[in-house]
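The next block is run28.pdb, given as PDB, C-alpha atoms.
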ATOM      1  CA  MET E  57      37.419  48.382  24.996  1.00  0.00           C
ATOM      2  CA  ALA E  58      38.121  47.456  21.382  1.00  0.00           C
ATOM      3  CA  ALA E  59      38.273  43.788  22.350  1.00  0.00           C
ATOM      4  CA  THR E  60      34.791  44.016  23.864  1.00  0.00           C
ATOM      5  CA  THR E  61      33.266  45.543  20.739  1.00  0.00           C
ATOM      6  CA  PHE E  62      35.111  43.030  18.548  1.00  0.00           C
ATOM      7  CA  ASN E  63      33.895  40.023  20.546  1.00  0.00           C
ATOM      8  CA  ALA E  64      30.293  41.190  20.988  1.00  0.00           C
ATOM      9  CA  PRO E  65      29.172  40.479  17.388  1.00  0.00           C
ATOM     10  CA  HIS E  66      31.020  37.167  17.442  1.00  0.00           C
ATOM     11  CA  ARG E  67      29.342  36.194  20.715  1.00  0.00           C
ATOM     12  CA  LYS E  68      25.965  37.296  19.401  1.00  0.00           C
ATOM     13  CA  GLY E  69      26.394  35.115  16.316  1.00  0.00           C
ATOM     14  CA  HIS E  70      27.461  32.157  18.443  1.00  0.00           C
ATOM     15  CA  VAL E  71      24.438  32.531  20.729  1.00  0.00           C
ATOM     16  CA  ARG E  72      22.179  32.758  17.671  1.00  0.00           C
ATOM     17  CA  GLU E  73      23.660  29.506  16.294  1.00  0.00           C
ATOM     18  CA  GLN E  74      23.190  27.740  19.623  1.00  0.00           C
ATOM     19  CA  PHE E  75      19.611  28.979  19.880  1.00  0.00           C
ATOM     20  CA  GLY E  76      18.930  27.715  16.349  1.00  0.00           C
ATOM     21  CA  SER E  77      20.319  24.311  17.283  1.00  0.00           C
ATOM     22  CA  VAL E  78      18.128  24.162  20.377  1.00  0.00           C
ATOM     23  CA  LEU E  79      15.056  25.093  18.333  1.00  0.00           C
ATOM     24  CA  ARG E  80      15.814  22.408  15.729  1.00  0.00           C
ATOM     25  CA  ALA E  81      16.226  19.769  18.436  1.00  0.00           C
ATOM     26  CA  PHE E  82      12.980  20.855  20.110  1.00  0.00           C
ATOM     27  CA  ARG E  83      11.134  20.786  16.777  1.00  0.00           C
ATOM     28  CA  GLU E  84      12.389  17.256  16.056  1.00  0.00           C
ATOM     29  CA  MET E  85      11.308  16.040  19.505  1.00  0.00           C
ATOM     30  CA  LEU E  86       7.895  17.671  19.133  1.00  0.00           C
ATOM     31  CA  ASP E  87       7.419  16.191  15.651  1.00  0.00           C
ATOM     32  CA  ALA E  88       8.318  12.724  16.934  1.00  0.00           C
ATOM     33  CA  PHE E  89       5.927  13.097  19.878  1.00  0.00           C
ATOM     34  CA  VAL E  90       3.019  14.284  17.720  1.00  0.00           C
ATOM     35  CA  SER E  91       3.677  11.601  15.111  1.00  0.00           C
ATOM     36  CA  ASN E  92       3.685   8.903  17.777  1.00  0.00           C
ATOM     37  CA  ARG E  93       0.448  10.226  19.322  1.00  0.00           C
ATOM     38  CA  MET E  94      -1.224  10.338  15.892  1.00  0.00           C
ATOM     39  CA  ARG E  95      -0.189   6.734  15.195  1.00  0.00           C
ATOM     40  CA  GLN E  96      -1.533   5.633  18.569  1.00  0.00           C
ATOM     41  CA  ALA E  97      -4.822   7.484  18.045  1.00  0.00           C
ATOM     42  CA  ALA E  98      -5.216   6.028  14.550  1.00  0.00           C
ATOM     43  CA  ALA E  99      -4.527   2.512  15.801  1.00  0.00           C
ATOM     44  CA  GLU E 100      -6.970   2.968  18.659  1.00  0.00           C
ATOM     45  CA  ALA E 101      -9.662   4.341  16.341  1.00  0.00           C
ATOM     46  CA  GLU E 102      -9.119   1.439  13.941  1.00  0.00           C
ATOM     47  CA  HIS E 103      -9.400  -1.005  16.814  1.00  0.00           C
ATOM     48  CA  LEU E 104     -12.599   0.556  18.170  1.00  0.00           C
ATOM     49  CA  SER E 105     -14.458   0.985  14.895  1.00  0.00           C
ATOM     50  CA  PRO E 106     -12.997  -0.742  11.859  1.00  0.00           C
ATOM     51  CA  ARG E 107     -13.804   0.817   8.527  1.00  0.00           C
ATOM     52  CA  PRO E 108     -16.443  -0.965   6.435  1.00  0.00           C
ATOM     53  CA  SER E 109     -15.060  -2.748   3.413  1.00  0.00           C
ATOM     54  CA  HIS E 110     -15.826  -1.419  -0.050  1.00  0.00           C
ATOM     55  CA  ASP E 111     -17.878  -4.538  -0.826  1.00  0.00           C
ATOM     56  CA  THR E 112     -20.409  -3.763   1.893  1.00  0.00           C
ATOM     57  CA  GLN E 113     -23.326  -1.506   1.021  1.00  0.00           C
ATOM     58  CA  THR E 114     -24.297   0.781   3.882  1.00  0.00           C
ATOM     59  CA  PRO E 115     -27.959   1.767   4.004  1.00  0.00           C
ATOM     60  CA  SER E 116     -28.734   5.403   3.338  1.00  0.00           C
ATOM     61  CA  ILE E 117     -30.223   7.485   6.112  1.00  0.00           C
ATOM     62  CA  ASN E 118     -32.960   8.689   3.772  1.00  0.00           C
ATOM     63  CA  ALA E 119     -33.735   5.276   2.260  1.00  0.00           C
ATOM     64  CA  GLN E 120     -37.426   4.609   1.692  1.00  0.00           C
TER      65      GLN E 120
END
As structure tokens:
Amino acid sequence: MAATTFNAPHRKGHVREQFGSVLRAFREMLDAFVSNRMRQAAAEAEHLSPRPSHDTQTPSINAQ
């Protein structure tokens, strides 16, 4: 019985470490996925409607 109570906290700590490692790996994969999607969306938006250069004057909506 003493061995069970001695090993339980050790096991709990080990499981906590493994869970932390899994969460870190998942977070890294999710960050890479979101970053890649953002880059693709930005490239697609740039391709569809390029930004006007600073030299070009855009007419105001309320111009008279």
Could you work out how far atom CA of E:Arg67 lies from atom CA of E:Leu86, giving the answer in Å with one decimal?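 Separating atom CA of E:Leu86 from atom CA of E:Arg67 is a distance of 28.4 Å.
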Grab the atom CA of E:Glu73 to atom CA of E:Val90 distance for me, in Å with one decimal place. 25.7 Å
Gap from atom CA of E:His66 to atom CA of E:Ala81 - Å, one decimal: 22.9 Å
